[in-house]
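What follows is one structure encoded as structure tokens, with my remarks underneath.
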Amino acid sequence: MSKKYNFEQVEAKWQPVWEAMDLYAAGHDPDKPDRYILDFFPYPSGSGLSVGHARNYVPTCVSARFMRMQGYNVLHPMGWDAFGLPAENYAITHNIHPRESTRLFCDTYRRQMKLLECSYDWAREINSTHPDYYRWTQWFFLLLHERGLAYQALGEQWWCPGCQTILANEQVENGRCWRCDHEVTKKALQQWYFKITEYADRLLADLDTIDWPEPIKLMQRNWIGRSEGAEVVFRAAGGDEIAVFTTRPDTLFGVTFLALAPEHPLVAKLTTAGRQTAVSDYIAQSRRKSDIDRQATNQAKTGVFTGSSAIHPLTGQPVPVWVADYVLMGYGSGAVMGVPGHDERDFAFARQHGLEAIEVITPDGRPQGVEACFSDYGVLINSGDYSGMDSQTAVSRITADLAAQGKGRQHVSYKLRDWLISRQRYWGAPIPIVHCQSCGAVPVPADQLPVELPDIDDFAPSGNGRSPLARAADWVNTPCPRCGQPAQRETDTMDGFACSSWYFLRFASPRYEDGPFDPAAVARWLPVDTYVGGAEHAVMHLLYARFWTKVMFDAGLISFTEPFTQLRNQGMLLSNVDGRKMSKSRGNVVTPDEVAAQYGTDALRGCVLFLGPFDAEVTWEETAVRGVARFLDRFWRLVGEVAQEAFHAKAQRRKESKEFERRRHELVQRLTHDMAQFRFNTAVAALMEHLNYLLAAWEAGEGSAAQWQEMLNVYTRLLAPIAPFISEEVWQAVLGQPGSVHQQSWPSFEAAKAAAAQVTVVVQVNGKVRDRIVVDVGEEEGRVKQTAVSSPKVQQAINGQAIHNIIIIPQKLVNIVAG
RNA sequence: GCCGAAGUGGCGGAACUGGCAGACGCGCACGACUCAAAAUCGUGUUCCUUCGGGAGUGUGGGUUCGAUUCCCACCUUCGGCACCA
């Protein structure tokens, strides 16, 4: 056996052996519990994987290996979320079909993941762009449609008359097209939506049932944005009812104006003849603002008076009705009651336009004046019969009284909007709908799925706001599935997030043909036990997947309501060059290929684990790989020496050691704990620390031959999930053990045997460490105190002062309070 | 602006429920091996010090026998949301 660890040789030796054994195939032993550990499936880009990706995939691989050794059947699959705009843009600029570029990118990703020896069950690989897959994405569209959860509505999008195309929000600068500087307009398009808002309350409530990082749950809660309040009705002169939503009905007597969103349907009706020009000018002006401008919170609060007023439901006084674009049409009812005294925005608006403010809430019921806005709860004044009430009481009283008079009701509003899924793009799953003159939007029957993407040559935008698919006339024109008359296919494709809203189910039975999944396989593996990915999907993928899961549950397809029982976010890996995320365009990418070529796969794996805590953002450091590589070399050398000596039977002279045994139990205990907790950095540190101990113990002649044999056997198994190659080589070639180390059981420990018989106890005087004493674990407290007090160093520190108290923490510390 | 996370040696980071701050690794210094270098091995490495000690986990307070850990205020960095009535 060679002195130096030769990773190239060892990797080349075991890789094909494992592949031939199908080592990572999901287990099917009926006597073992099942475990599903899943990575967010990636969008394969042309850049390939960086070491940053390794930080995502190596920890889950280690965890999967750990679970296998702990006696679980483990499902750990991988696939590709490959529909999307980048592939389409790449196709346009490189003149290559996205199907082809996607294939190439996936090949690269797969090769690199194999290089990292990620223990995926490759037989279950899926690809969201294959008709076999998106057939079922379309099937789910039909399911949602059938259940009234998919609907069409007119939506507004930015439109550049110069370029004849739809623009993304980010492509509109100061109301002009970023390319041709043409003034943009808005174009109303018929778009498909999924009714996620219908699930808002369940999406909110069920967060309490899942083991996810709190920050992610909080982001979802904020995104859903549930607010309890009241709808209050103001009656306009012509009889029209203006409903406003407020969370503060207690401030109702402070209303001095109403404000409608520019898009509010009543604006035109309420605008008087004399105000016509001013109002339409204002609406045109605010339509031109980009969402970004319109949402800037520090800008002036603009608006115009409609000329109309409405009657206050409680005071009967007229209140002027304004149009203001700080009011959003998409939230509440698109109209607000203006309470300048108690709402910051209304305060700013009133000040700008010379509107009055009435003080109706003060901290203690004594008037303070309305020079500033007071938006906290308090005590009501100037509020008729409600004066003197505290805010909380007034909120429910006023709401109830309004309801009794038919002028309002309790109401809950959400920030969450329905999910717009139409994309005017080629590279996506076609929406399975046929538009028929007489039958309307007709779903394609399930047995006619998939609606396959037609082959076209030109993926560039059409210029008429329609998908490039619209140009594939042969494909577009099709008989109506209902009446057989000539009809046209829907030409929009689905948002890529539709594909990722159910893929975790597909892995349970990836080749199943009679449905999106085999119910038995899903019942066995799902929900996902551990789901791992970046925090950037907190309110997109993770919300959509939860939504679809609940829909499937309601449809009786599955028996669980949450798809991911446990979620963990891995931290980002930043470049050491510029401290930013690695990306090809910044030229700061370090590839796993180059690192593995220089230091080996095991060292690379160990390094990304050791660099920092699993969930913390860390900076790449090549020196860290060297540290891990050295550790592996030292392990190799020690094992070599021990094996050689055993061969020469010299080991018989070594002496048995209790401490040696104890530390073995302690190590197994630490590793077991760290692995289960995703604390891989300290797991690696514990192995390093223990190796340092072993090297010293070997030199000192500590540990009998049998103890060393057992120690190396255990240590190699503990190392196996982290460094699969070196541990396999040691296990089989050096230790001569039968079978793969990766099919062995995880070592066990006894907590009692991991505990030391004697411990060092710190002796403090007034909280400062003055001495350390060694005592037996079971030592009686009085004697420990006595030993502590009698220490010369302690006596010196006490310096003759009276002892007031002695605090003793068993096996840890004695603190003598003197003075 | 609002919400959230985090601030520990020269660096990345340890410290389970309040109990030895700095594990482990990097880097650096010195030594061994070598003609020499690399690699490897060994020793040391928070700062200050009059060598007795003293200070120290972003800053300032507080609770406690005892605080990196708990509480209050503030500063900095990062992430999310951004007129949500």
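Going through the structure tokens in order, the chains are called A, B, and so on, while each chain numbers its residues from 1 and the ligands are numbered from 1 in the order shown.
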
Which of region 179-332 of chain A DSSP labels strand (DSSP E or B), written as a PyMOL selection string
chain A and resi 183+185-194+211+227-236+241-246+257-260+304-311+318-323

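If we count only C-alpha atoms (C1' of nucleotides), these residues of chain B sit within 7 Å of chain A: G4, G12, G13, G19, C20, C24, G25, C26, C65, G66, C83, C84 and A85 of chain B.
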
Can you list, as a list in words, every protein, DNA or RNA residue that comes within 9 Å of region 460-473 of chain A when you count only C-alpha atoms (C1' of nucleotides), leaving out same-chain residues fewer than 5 positions away?
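Final neighbour list, sorted by chain and number: Glu88, Asn89, Ile92, Trp159, Cys163, Gln164, Thr165, Ile166, Lys187, Leu189, Arg423, Gln424, Arg425, Tyr426, Leu453, Pro454, Asp455, Arg489, Glu490, Thr491, Asp492 and Thr493 of chain A.
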
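Take the candidates A:Val17, A:Ile37, A:Leu115, A:Ala520 and check each one against Ala597 (chain A) using only C-alpha atoms; the shortest distance goes to A:Leu115.
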
Grab the CA of Ile126 (chain A) to CA of Arg68 (chain A) distance for me, in Å with one decimal place.
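Atom-to-atom, CA of Ile126 (chain A) to CA of Arg68 (chain A), that is 22.5 Å.
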
For region 434-451 of chain A: contacts at 10 Å, only C-alpha atoms (C1' of nucleotides), fewer than 6 positions along chain excluded, given as JSON, numbers by chain
{"A": [130, 131, 132, 133, 134, 135, 136, 137, 138, 139, 140, 141, 142, 143, 145, 146, 151, 152, 475, 476, 477, 478, 479, 480, 481, 482, 483, 484, 485, 486, 487, 488, 489, 490, 491]}

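C1' of U68 (chain B) lies 24.0 Å from C1' of G53 (chain B).
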